[in-house]
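See below for entry-v8.txt, which holds compact mmCIF, C-alpha atoms.
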# COMPACT_ATOMS: atom_id res chain seq x y z
CA MET A 400 0.00 0.00 0.00
CA ILE A 401 2.70 2.40 0.93
CA ARG A 402 4.75 1.56 -2.08
CA SER A 403 1.92 2.05 -4.53
CA LEU A 404 1.13 5.52 -3.26
CA PHE A 405 4.73 6.50 -3.42
CA LEU A 406 5.11 5.33 -7.01
CA LEU A 407 1.98 7.15 -8.07
CA ALA A 408 3.21 10.41 -6.71
CA LEU A 409 6.57 10.06 -8.32
CA THR A 410 5.15 9.15 -11.68
CA ILE A 411 2.76 12.09 -11.87
CA GLY A 412 5.39 14.45 -10.58
CA SER A 413 7.78 13.48 -13.31
CA LEU A 414 5.15 14.39 -15.92
CA GLY A 415 4.81 17.79 -14.46
CA LEU A 416 1.11 17.39 -13.86
CA ALA A 417 1.25 16.88 -10.13
CA SER A 418 3.58 17.28 -7.27
CA ALA A 419 3.83 15.53 -3.92
CA GLN A 420 3.64 18.05 -1.13
CA GLU A 421 3.81 15.76 1.87
CA PHE A 422 4.58 12.14 2.29
CA SER A 423 5.15 10.35 5.56
CA THR A 424 5.22 6.72 6.53
CA PRO A 425 6.13 6.31 10.13
CA PRO A 426 6.81 2.69 10.95
CA GLY A 427 3.97 0.95 12.74
CA PRO A 428 1.13 -1.41 12.33
CA THR A 429 -0.58 1.07 10.00
CA ALA A 430 0.74 3.80 7.77
CA SER A 431 -0.78 6.78 6.01
CA ALA A 432 0.39 9.20 3.43
CA ASP A 433 -1.08 12.10 1.48
CA PHE A 434 -0.11 14.07 -1.52
CA THR A 435 -1.51 16.91 -3.58
CA TYR A 436 -2.59 16.56 -7.16
CA THR A 437 -2.10 19.78 -9.11
CA VAL A 438 -3.15 20.43 -12.67
CA ASN A 439 -1.71 23.38 -14.53
CA VAL A 440 -4.23 24.76 -17.02
CA VAL A 441 -2.45 26.23 -20.00
CA PRO A 442 -4.43 28.85 -21.96
CA ALA A 443 -5.27 28.00 -25.56
CA THR A 444 -2.67 29.44 -27.80
CA LYS A 445 -5.13 30.22 -30.61
CA GLN A 446 -6.99 33.42 -29.91
CA ILE A 447 -9.64 34.74 -32.27
CA GLN A 448 -11.75 37.87 -32.54
CA VAL A 449 -14.49 39.02 -34.88
CA THR A 450 -15.00 42.76 -35.40
CA GLY A 451 -16.49 45.11 -37.95
CA LEU A 452 -20.05 44.02 -37.34
CA GLU A 453 -22.74 46.59 -38.06
CA ASN A 454 -26.48 46.62 -37.92
CA PHE A 455 -28.34 46.44 -41.22
CA GLU A 456 -31.04 49.08 -41.63
CA PHE A 457 -33.60 48.62 -44.38
CA ASN A 458 -36.20 51.31 -45.08
CA VAL A 459 -38.63 50.18 -47.73
CA ASN A 460 -41.34 52.21 -49.41
CA VAL A 461 -43.56 49.81 -51.26
CA GLY A 462 -44.27 52.31 -53.98
CA ALA A 463 -40.69 53.18 -54.76
CA ASP A 464 -37.40 51.62 -55.64
CA TYR A 465 -35.66 50.42 -52.54
CA GLU A 466 -32.52 48.67 -51.48
CA LEU A 467 -32.81 44.92 -51.06
CA LYS A 468 -29.21 44.06 -50.25
CA GLN A 469 -26.58 45.56 -48.00
CA THR A 470 -22.98 44.48 -47.52
CA ILE A 471 -20.35 45.18 -44.91
CA ASN A 472 -16.79 43.97 -44.36
CA ILE A 473 -15.96 42.08 -41.22
CA CYS A 474 -12.59 41.22 -39.77
CA VAL A 475 -11.60 37.95 -38.13
CA TYR A 476 -8.28 38.22 -36.36
CA ILE A 477 -6.47 35.04 -35.29
CA THR A 478 -3.20 34.88 -33.42
CA GLU A 479 -2.07 31.88 -35.45
CA ASP A 480 -2.41 30.80 -39.04
CA THR A 481 -5.34 28.44 -38.94
CA PRO A 482 -8.72 28.11 -40.61
CA PHE A 483 -11.72 28.74 -38.47
CA SER A 484 -15.45 28.14 -38.36
CA PHE A 485 -18.42 30.49 -38.41
CA LEU A 486 -21.50 29.62 -36.42
CA MET A 487 -24.41 31.75 -37.60
CA GLU A 488 -27.53 31.79 -35.45
CA ALA A 489 -30.18 33.62 -37.46
CA PRO A 490 -33.68 34.11 -36.08
CA VAL A 491 -36.82 35.07 -37.97
CA LEU A 492 -37.08 38.70 -39.02
CA THR A 493 -40.31 39.78 -37.33
CA ASP A 494 -42.19 42.66 -35.76
CA GLY A 495 -44.07 40.22 -33.55
CA THR A 496 -47.02 40.03 -35.91
CA ASN A 497 -45.63 39.99 -39.40
CA ASP A 498 -42.66 37.90 -40.48
CA PHE A 499 -40.27 38.58 -43.32
CA ALA A 500 -37.75 36.49 -45.19
CA TYR A 501 -34.07 37.25 -45.71
CA TRP A 502 -30.80 35.77 -46.84
CA TRP A 503 -27.36 36.23 -45.39
CA THR A 504 -24.12 35.61 -47.25
CA LEU A 505 -20.50 35.32 -46.25
CA TYR A 506 -18.14 35.91 -49.13
CA SER A 507 -14.39 35.85 -49.43
CA ALA A 508 -12.95 37.29 -52.61
CA LYS A 509 -9.52 36.09 -51.54
CA ALA A 510 -10.63 32.48 -51.27
CA ALA A 511 -13.33 32.74 -53.94
CA ARG A 512 -15.72 31.17 -51.48
CA ALA A 513 -19.27 32.10 -50.56
CA ARG A 514 -21.82 30.66 -48.22
CA THR A 515 -25.45 31.72 -48.36
CA ASN A 516 -28.33 30.78 -46.19
CA ASN A 517 -31.88 32.00 -45.78
CA VAL A 518 -34.48 32.26 -43.08
CA TYR A 519 -38.00 31.82 -44.32
CA PRO A 520 -40.54 32.13 -41.53
CA ASN A 521 -42.83 29.47 -42.99
CA ILE A 522 -39.98 26.98 -43.32
CA HIS A 523 -37.80 28.01 -40.38
CA PRO A 524 -40.23 29.36 -37.77
CA ASN A 525 -37.56 29.11 -35.08
CA GLY A 526 -34.81 30.60 -37.17
CA ARG A 527 -31.86 28.77 -38.56
CA THR A 528 -28.36 27.92 -37.34
CA GLU A 529 -25.56 27.20 -39.75
CA LEU A 530 -21.98 26.04 -39.17
CA ILE A 531 -19.37 26.90 -41.78
CA GLU A 532 -16.05 25.18 -41.29
CA GLY A 533 -12.67 25.71 -42.84
CA TRP A 534 -12.94 29.43 -43.56
CA SER A 535 -9.48 30.54 -44.56
CA THR A 536 -9.84 34.29 -44.89
CA TYR A 537 -8.63 36.04 -41.75
CA SER A 538 -5.89 38.33 -40.55
CA THR A 539 -3.07 37.68 -38.13
CA VAL A 540 -2.96 41.42 -37.52
CA VAL A 541 -5.60 43.12 -35.39
CA ASP A 542 -8.32 45.01 -37.33
CA CYS A 543 -7.36 43.54 -40.71
CA PRO A 544 -5.21 46.33 -42.16
CA ASP A 545 -5.19 44.44 -45.46
CA PRO A 546 -8.74 44.59 -46.91
CA ASN A 547 -8.09 41.32 -48.73
CA ASP A 548 -8.16 39.61 -45.37
CA MET A 549 -11.72 40.72 -44.70
CA THR A 550 -14.89 38.77 -45.32
CA GLN A 551 -17.98 40.34 -46.83
CA LEU A 552 -21.19 39.89 -44.92
CA SER A 553 -24.39 40.61 -46.83
CA VAL A 554 -28.03 40.61 -45.88
CA GLU A 555 -30.68 40.56 -48.58
CA LEU A 556 -34.43 40.82 -48.18
CA ASP A 557 -36.85 38.65 -50.08
CA ASP A 558 -38.91 41.08 -52.14
CA SER A 559 -42.01 38.92 -52.10
CA TYR A 560 -42.43 39.48 -48.36
CA LEU A 561 -42.30 43.26 -48.46
CA ASP A 562 -45.93 44.12 -49.18
CA THR A 563 -46.95 44.40 -45.56
CA PRO A 564 -46.08 47.69 -43.85
CA THR A 565 -44.23 47.48 -40.58
CA SER A 566 -42.95 50.12 -38.23
CA GLY A 567 -40.09 47.89 -37.22
CA ALA A 568 -39.14 44.25 -37.71
CA THR A 569 -35.90 42.98 -36.20
CA ALA A 570 -33.70 39.90 -36.22
CA LYS A 571 -30.60 39.70 -34.05
CA ILE A 572 -28.05 37.43 -35.70
CA ILE A 573 -25.37 35.94 -33.49
CA MET A 574 -22.04 35.17 -35.12
CA THR A 575 -19.48 33.00 -33.37
CA VAL A 576 -16.01 32.25 -34.72
CA VAL A 577 -13.85 29.38 -33.47
CA PRO A 578 -10.46 28.22 -34.74
CA ASP A 579 -10.66 24.81 -36.38
CA MET B 1165 -25.15 59.44 -5.77
CA LYS B 1166 -23.13 60.62 -8.74
CA ARG B 1167 -22.80 57.02 -9.90
CA ILE B 1168 -26.55 56.54 -9.71
CA LEU B 1169 -27.15 59.66 -11.76
CA LEU B 1170 -24.60 58.55 -14.30
CA LEU B 1171 -26.25 55.15 -14.62
CA PHE B 1172 -29.63 56.77 -15.07
CA ALA B 1173 -28.26 59.01 -17.80
CA SER B 1174 -26.75 56.02 -19.54
CA ILE B 1175 -30.06 54.18 -19.52
CA LEU B 1176 -31.78 57.20 -21.03
CA LEU B 1177 -29.15 57.40 -23.73
CA ILE B 1178 -29.53 53.74 -24.61
CA GLY B 1179 -33.29 54.06 -24.70
CA GLY B 1180 -33.14 56.94 -27.12
CA THR B 1181 -30.83 55.42 -29.69
CA ALA B 1182 -30.57 52.14 -31.53
CA LEU B 1183 -28.07 49.77 -30.02
CA ALA B 1184 -24.96 49.23 -32.07
CA ALA B 1185 -23.80 45.82 -33.19
CA THR B 1186 -21.75 43.89 -30.65
CA GLN B 1187 -18.12 43.22 -31.58
CA GLY B 1188 -16.47 40.01 -30.51
CA GLU B 1189 -13.77 39.90 -27.86
CA LEU B 1190 -10.41 38.19 -28.25
CA GLY B 1191 -10.46 34.67 -26.82
CA PRO B 1192 -10.46 30.96 -27.68
CA SER B 1193 -13.71 31.73 -29.50
CA SER B 1194 -15.32 35.05 -30.25
CA GLN B 1195 -18.96 36.00 -30.52
CA GLY B 1196 -20.59 39.13 -31.88
CA ASP B 1197 -24.06 40.04 -32.96
CA PHE B 1198 -25.81 42.45 -35.26
CA ASP B 1199 -29.40 43.40 -36.00
CA VAL B 1200 -31.32 43.33 -39.23
CA ASN B 1201 -33.87 46.11 -38.92
CA LEU B 1202 -36.69 46.61 -41.40
CA VAL B 1203 -39.23 49.39 -41.78
CA ILE B 1204 -41.81 49.19 -44.55
CA THR B 1205 -44.05 52.07 -45.52
CA ASN B 1206 -46.68 52.06 -48.19
CA SER B 1207 -47.05 55.73 -49.02
CA ALA B 1208 -47.50 56.77 -52.61
CA ASN B 1209 -44.89 58.70 -54.51
CA ILE B 1210 -46.02 62.04 -55.83
CA LYS B 1211 -44.76 64.49 -58.41
CA ILE B 1212 -45.86 67.98 -59.39
CA SER B 1213 -45.09 69.47 -62.80
CA GLY B 1214 -46.32 72.06 -65.24
CA LEU B 1215 -45.09 75.01 -63.21
CA GLU B 1216 -43.97 78.10 -65.08
CA ASN B 1217 -42.79 81.51 -64.11
CA TYR B 1218 -45.33 84.27 -64.41
CA HIS B 1219 -44.30 87.43 -66.11
CA ILE B 1220 -46.85 90.21 -66.19
CA ASP B 1221 -46.15 93.28 -68.26
CA TYR B 1222 -48.21 96.17 -67.17
CA LYS B 1223 -48.42 99.82 -68.03
CA VAL B 1224 -49.89 102.14 -65.48
CA THR B 1225 -52.35 103.37 -68.04
CA ASP B 1226 -53.68 99.89 -68.67
CA ASP B 1227 -56.55 98.16 -66.96
CA ILE B 1228 -55.94 95.47 -64.42
CA PRO B 1229 -54.10 92.62 -66.11
CA ALA B 1230 -56.17 89.56 -66.79
CA PRO B 1231 -55.62 86.63 -64.44
CA GLU B 1232 -52.81 84.33 -65.37
CA THR B 1233 -53.48 80.63 -65.29
CA MET B 1234 -51.43 77.50 -65.69
CA ASP B 1235 -52.27 73.82 -65.78
CA ILE B 1236 -50.73 71.73 -63.03
CA CYS B 1237 -50.03 68.04 -63.18
CA VAL B 1238 -49.87 66.12 -59.93
CA TYR B 1239 -49.05 62.47 -60.47
CA MET B 1240 -49.18 59.74 -57.85
CA ASP B 1241 -48.12 56.18 -58.47
CA GLN B 1242 -51.15 54.98 -56.54
CA PRO B 1243 -54.74 56.19 -56.87
CA GLY B 1244 -55.62 58.67 -54.20
CA THR B 1245 -56.00 62.26 -53.18
CA TYR B 1246 -53.40 64.71 -52.08
CA THR B 1247 -52.86 67.80 -49.98
CA VAL B 1248 -51.50 71.04 -51.34
CA ASN B 1249 -49.73 73.75 -49.44
CA ILE B 1250 -48.80 77.04 -51.05
CA ASP B 1251 -46.12 79.27 -49.67
CA ALA B 1252 -46.56 82.61 -51.40
CA ALA B 1253 -44.35 85.59 -50.80
CA VAL B 1254 -45.26 89.24 -51.02
CA LEU B 1255 -45.06 90.64 -54.55
CA THR B 1256 -42.80 93.61 -54.03
CA ASP B 1257 -40.14 95.77 -55.54
CA THR B 1258 -38.90 96.28 -51.96
CA VAL B 1259 -40.58 99.69 -51.87
CA THR B 1260 -44.11 99.00 -52.96
CA ASN B 1261 -46.14 95.85 -52.37
CA TYR B 1262 -48.60 94.70 -55.02
CA PRO B 1263 -51.43 92.63 -53.57
CA TYR B 1264 -52.45 89.56 -55.50
CA THR B 1265 -54.71 86.56 -55.12
CA TYR B 1266 -53.89 83.02 -56.06
CA THR B 1267 -56.36 80.18 -56.43
CA TYR B 1268 -55.46 76.52 -56.80
CA THR B 1269 -58.49 74.56 -58.02
CA ASP B 1270 -58.98 70.84 -58.42
CA ASN B 1271 -59.88 70.00 -62.01
CA ALA B 1272 -61.95 66.97 -61.01
CA ASN B 1273 -63.97 68.88 -58.44
CA SER B 1274 -64.01 72.67 -58.57
CA ALA B 1275 -65.44 72.77 -55.04
CA ILE B 1276 -62.01 71.83 -53.80
CA PHE B 1277 -59.66 74.75 -53.98
CA LYS B 1278 -57.19 76.78 -52.03
CA THR B 1279 -57.14 80.55 -52.34
CA GLU B 1280 -55.49 83.40 -50.55
CA THR B 1281 -54.78 87.07 -51.00
CA ILE B 1282 -51.24 88.17 -50.36
CA SER B 1283 -50.81 91.81 -49.52
CA ASP B 1284 -48.18 92.83 -47.02
CA ALA B 1285 -47.36 89.44 -45.50
CA ALA B 1286 -46.52 86.02 -46.86
CA SER B 1287 -49.15 83.31 -46.95
CA THR B 1288 -50.47 81.81 -43.76
CA ALA B 1289 -53.43 79.80 -45.05
CA PRO B 1290 -53.37 76.14 -43.97
CA PRO B 1291 -52.94 73.29 -46.46
CA VAL B 1292 -56.02 71.89 -48.19
CA SER B 1293 -56.61 68.17 -48.66
CA GLY B 1294 -58.73 66.11 -51.02
CA PHE B 1295 -57.30 67.08 -54.39
CA THR B 1296 -57.47 64.40 -57.07
CA SER B 1297 -54.22 63.31 -58.64
CA SER B 1298 -53.47 61.73 -61.95
CA ASN B 1299 -52.05 58.25 -61.93
CA VAL B 1300 -51.93 57.69 -65.67
CA ASP B 1301 -48.57 59.15 -66.52
CA GLU B 1302 -46.10 61.37 -64.75
CA ASP B 1303 -46.60 64.44 -66.91
CA CYS B 1304 -50.34 64.15 -67.53
CA THR B 1305 -49.85 63.96 -71.28
CA THR B 1306 -52.85 61.66 -71.29
CA GLY B 1307 -55.82 61.86 -69.02
CA GLY B 1308 -55.70 65.61 -68.51
CA THR B 1309 -54.11 67.83 -65.93
CA SER B 1310 -54.94 67.77 -62.26
CA ALA B 1311 -55.40 71.34 -61.17
CA THR B 1312 -55.43 74.94 -62.32
CA PHE B 1313 -53.39 77.64 -60.68
CA GLU B 1314 -54.64 81.19 -61.19
CA LEU B 1315 -52.98 84.39 -60.14
CA GLU B 1316 -54.55 87.83 -60.33
CA LEU B 1317 -53.39 91.26 -59.28
CA ASP B 1318 -55.75 92.95 -56.86
CA GLY B 1319 -56.39 96.33 -58.28
CA GLU B 1320 -54.33 98.44 -60.54
CA PRO B 1321 -50.69 98.64 -59.57
CA GLY B 1322 -50.99 102.40 -59.44
CA THR B 1323 -48.44 104.92 -60.56
CA ALA B 1324 -45.40 103.25 -59.23
CA THR B 1325 -42.39 103.60 -61.44
CA THR B 1326 -40.95 100.23 -60.65
CA GLN B 1327 -39.67 98.06 -63.45
CA THR B 1328 -39.91 94.70 -61.74
CA ALA B 1329 -41.68 93.30 -58.73
CA MET B 1330 -41.09 89.69 -57.81
CA ALA B 1331 -42.58 87.06 -55.54
CA ALA B 1332 -41.60 83.44 -55.09
CA ILE B 1333 -44.44 80.94 -54.77
CA THR B 1334 -43.76 77.39 -53.64
CA LEU B 1335 -46.27 74.58 -54.10
CA THR B 1336 -45.88 71.48 -51.96
CA VAL B 1337 -47.99 68.40 -52.46
CA GLU B 1338 -48.15 65.20 -50.46
CA PRO B 1339 -50.39 62.15 -50.58
CA ASP B 1340 -53.34 62.16 -48.18
Would you put the structure from the file into structure tokens?
Amino acid sequence: MIRSLFLLALTIGSLGLASAQEFSTPPGPTASADFTYTVNVVPATKQIQVTGLENFEFNVNVGADYELKQTINICVYITEDTPFSFLMEAPVLTDGTNDFAYWWTLYSAKAARARTNNVYPNIHPNGRTELIEGWSTYSTVVDCPDPNDMTQLSVELDDSYLDTPTSGATAKIIMTVVPD
Amino acid sequence: MKRILLLFASILLIGGTALAATQGELGPSSQGDFDVNLVITNSANIKISGLENYHIDYKVTDDIPAPETMDICVYMDQPGTYTVNIDAAVLTDTVTNYPYTYTYTDNANSAIFKTETISDAASTAPPVSGFTSSNVDEDCTTGGTSATFELELDGEPGTATTQTAMAAITLTVEPD
């Protein structure tokens, strides 16, 4: 019994994951020993950040020409060269009474890659979540000083849903980026 | 106490403006969010045309000049009526004012009109609603014009020696 405890402590200690703080085995009919198990948590070396996000504001007059699509540039900064994934959580665009349909698109000119998805209230009444893996357009410099390292984010309204007036419909889209 | 006041002011500020998108923070993963906001209105588009400058030549020995008229086209891309507001300035040479009366009459219903006499002060009459627009073509080349604008001097201009008196008149129309 004593020997097994001693070996365990020595083995873990040699891996650097634990260290024995106290160990005593006075001779006698019984013996006890204790040791401390310590785990060092090392921070992840890959750090990532998404910035450049803006709200999309659409003002539609049914009787006039209006803008259906808007595009912004977003920046994903990673501390290491590695592809990453987008997780897009897109709810229904609604004013609480009337629902509207829209599309979002991520586009990288640098990688010649696009990913489009839509949220149709009749098909996706609870919104829609999409995971996009292996996105290779990012910057290893904060705030993407090179525009080629930015990704275009577009939102486009479905024209066929725009006949019903609304004083304000909203959808809050959550974007999460994670290194692959 | 100062902190409480500051917090209260911040809440007011947030309540009065749209919240900006949320940028992600640097970490093992990063999450941001943004809003898609949509406002839809269904008001008609409107256009007024046919306006011309008036130029009245008058000799003090003449009678009162005949009223000047012009045909106005008001086009809306949806059937409906409209409201007209007329902002008429004093007709003056900066020394002498020349009173005049304008009348804006609906061609479809002559009972609907807006009229006002401008003497020594600019117009103050409220807008008038219920005018019928054209929705055939933008310049009323078919279907006839929408309204008639008439302007008449009130009384003989007198013996003034002025060469030119001017007044700017602005017509504003909007769908009812």
Residue list for chain B near chain A as a PyMOL selection string, 7 Å, all atoms listed in the file: chain B and resi 1184-1209
Top pick for closest residue to B:Ile1210, considering B:Asp1251, B:Asp1301, B:Asp1284, B:Glu1314 and counting only C-alpha atoms: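 Closest candidate: B:Asp1301.
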Nearest residue to B:Thr1334 from the set B:Ile1228, B:Val1238, B:Ala1272, B:Ile1212 (distances using only C-alpha atoms):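 Using only C-alpha atoms, B:Thr1334 sits closest to B:Ile1212.
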Which of A:Asp545, A:Pro482, A:Asp498, A:Leu505 sits closest to A:His523 [using only C-alpha atoms]: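 Closest residue, counting only C-alpha atoms: A:Asp498.
Remark: for B:Ala1275, the closest of the candidate residues B:Thr1233, B:Asn1261, B:Ser1287, B:Thr1296 is B:Thr1296 (distances computed over all atoms listed in the file).
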Show me, as a short mmCIF file (atom, residue, chain, number, x, y, z; two decimals) with C-alpha atoms, in the frame of the given file, the residues that have an atom within 10 Å of B:Tyr1266 when counting only C-alpha atoms, minus same-chain residues fewer than 3 positions from it.
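Listed below is the output, around17.cif:
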data_model
loop_
_atom_site.label_atom_id
_atom_site.label_comp_id
_atom_site.auth_asym_id
_atom_site.auth_seq_id
_atom_site.Cartn_x
_atom_site.Cartn_y
_atom_site.Cartn_z
CA PRO B 1231 -55.62 86.63 -64.44
CA GLU B 1232 -52.81 84.33 -65.37
CA THR B 1233 -53.48 80.63 -65.29
CA ILE B 1250 -48.80 77.04 -51.05
CA ALA B 1252 -46.56 82.61 -51.40
CA THR B 1269 -58.49 74.56 -58.02
CA LYS B 1278 -57.19 76.78 -52.03
CA THR B 1279 -57.14 80.55 -52.34
CA GLU B 1280 -55.49 83.40 -50.55
CA THR B 1281 -54.78 87.07 -51.00
CA ILE B 1282 -51.24 88.17 -50.36
CA PHE B 1313 -53.39 77.64 -60.68
CA GLU B 1314 -54.64 81.19 -61.19
CA LEU B 1315 -52.98 84.39 -60.14
CA GLU B 1316 -54.55 87.83 -60.33
CA LEU B 1317 -53.39 91.26 -59.28
CA ILE B 1333 -44.44 80.94 -54.77
#
For A:Ser535, the nearest of the candidates A:Thr550, A:Gln469, A:Ser559, A:Asn497, counting all atoms listed in the file: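 When distances to A:Ser535 are compared using all atoms listed in the file, the smallest one comes from A:Thr550.
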Spatial neighbours of B:Ala1253, 6 Å, only C-alpha atoms, chain gap at least 4 places, as an NGL selection string: :B and (1286 or 1331-1332)
Take the residues from that selection and put them in a file with C-alpha atoms, as a PDB file, in the coordinates of the input.
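Once written, out.pdb looks like this:
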ATOM      1  CA  ALA B1286     -46.520  86.020 -46.860  1.00  0.00           C
ATOM      2  CA  ALA B1331     -42.580  87.060 -55.540  1.00  0.00           C
ATOM      3  CA  ALA B1332     -41.600  83.440 -55.090  1.00  0.00           C
TER       4      ALA B1332
END
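Distances to B:Gly1294 were evaluated for B:Thr1247, B:Thr1265, B:Thr1309, B:Thr1336 using all atoms listed in the file, and the minimum falls at B:Thr1247.
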B:Val1248 environment, 7 Å, all atoms listed in the file, sequence neighbours closer than 6 positions dropped, as a PyMOL selection string: chain B and resi 1291-1293+1335-1338
Distance of atom CA of A:Tyr465 from atom CA of B:Ser1213, expressed in Å to one decimal place: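 Atom CA of A:Tyr465 lies at a distance of 23.6 Å from atom CA of B:Ser1213.
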One-decimal distance in Å that lies between atom CA of B:Thr1312 and atom CA of B:Asp1270: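 Value for the atom CA of B:Asp1270-atom CA of B:Thr1312 distance: 6.7 Å.
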Å distance separating atom CA of A:Ser507 from atom CA of A:Asp579, one decimal place: 17.5 Å
Missing atoms of stretch 1193-1204 of chain B rebuilt to N, CA and C atoms, written as a PDB file, keeping the file's coordinate frame:
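selection.pdb was written with the following content:
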ATOM      1  N   SER B1193     -12.677  31.522 -28.484  1.00  0.00           N
ATOM      2  CA  SER B1193     -13.710  31.730 -29.500  1.00  0.00           C
ATOM      3  C   SER B1193     -14.172  33.164 -29.342  1.00  0.00           C
ATOM      4  N   SER B1194     -14.893  33.661 -30.304  1.00  0.00           N
ATOM      5  CA  SER B1194     -15.320  35.050 -30.250  1.00  0.00           C
ATOM      6  C   SER B1194     -16.728  35.154 -30.796  1.00  0.00           C
ATOM      7  N   GLN B1195     -17.569  35.896 -30.105  1.00  0.00           N
ATOM      8  CA  GLN B1195     -18.960  36.000 -30.520  1.00  0.00           C
ATOM      9  C   GLN B1195     -19.381  37.459 -30.611  1.00  0.00           C
ATOM     10  N   GLY B1196     -20.018  37.810 -31.707  1.00  0.00           N
ATOM     11  CA  GLY B1196     -20.590  39.130 -31.880  1.00  0.00           C
ATOM     12  C   GLY B1196     -22.014  38.998 -32.360  1.00  0.00           C
ATOM     13  N   ASP B1197     -22.710  40.090 -32.398  1.00  0.00           N
ATOM     14  CA  ASP B1197     -24.060  40.040 -32.960  1.00  0.00           C
ATOM     15  C   ASP B1197     -24.384  41.343 -33.660  1.00  0.00           C
ATOM     16  N   PHE B1198     -25.360  41.262 -34.541  1.00  0.00           N
ATOM     17  CA  PHE B1198     -25.810  42.450 -35.260  1.00  0.00           C
ATOM     18  C   PHE B1198     -27.296  42.292 -35.543  1.00  0.00           C
ATOM     19  N   ASP B1199     -27.955  43.405 -35.743  1.00  0.00           N
ATOM     20  CA  ASP B1199     -29.400  43.400 -36.000  1.00  0.00           C
ATOM     21  C   ASP B1199     -29.682  43.616 -37.474  1.00  0.00           C
ATOM     22  N   VAL B1200     -30.723  42.986 -37.941  1.00  0.00           N
ATOM     23  CA  VAL B1200     -31.320  43.330 -39.230  1.00  0.00           C
ATOM     24  C   VAL B1200     -32.623  44.037 -38.913  1.00  0.00           C
ATOM     25  N   ASN B1201     -32.692  45.307 -39.219  1.00  0.00           N
ATOM     26  CA  ASN B1201     -33.870  46.110 -38.920  1.00  0.00           C
ATOM     27  C   ASN B1201     -34.592  46.486 -40.207  1.00  0.00           C
ATOM     28  N   LEU B1202     -35.893  46.367 -40.184  1.00  0.00           N
ATOM     29  CA  LEU B1202     -36.690  46.610 -41.400  1.00  0.00           C
ATOM     30  C   LEU B1202     -37.884  47.486 -41.070  1.00  0.00           C
ATOM     31  N   VAL B1203     -38.043  48.542 -41.846  1.00  0.00           N
ATOM     32  CA  VAL B1203     -39.230  49.390 -41.780  1.00  0.00           C
ATOM     33  C   VAL B1203     -39.850  49.428 -43.166  1.00  0.00           C
ATOM     34  N   ILE B1204     -41.130  49.170 -43.251  1.00  0.00           N
ATOM     35  CA  ILE B1204     -41.810  49.190 -44.550  1.00  0.00           C
ATOM     36  C   ILE B1204     -42.956  50.196 -44.481  1.00  0.00           C
TER      37      ILE B1204
END
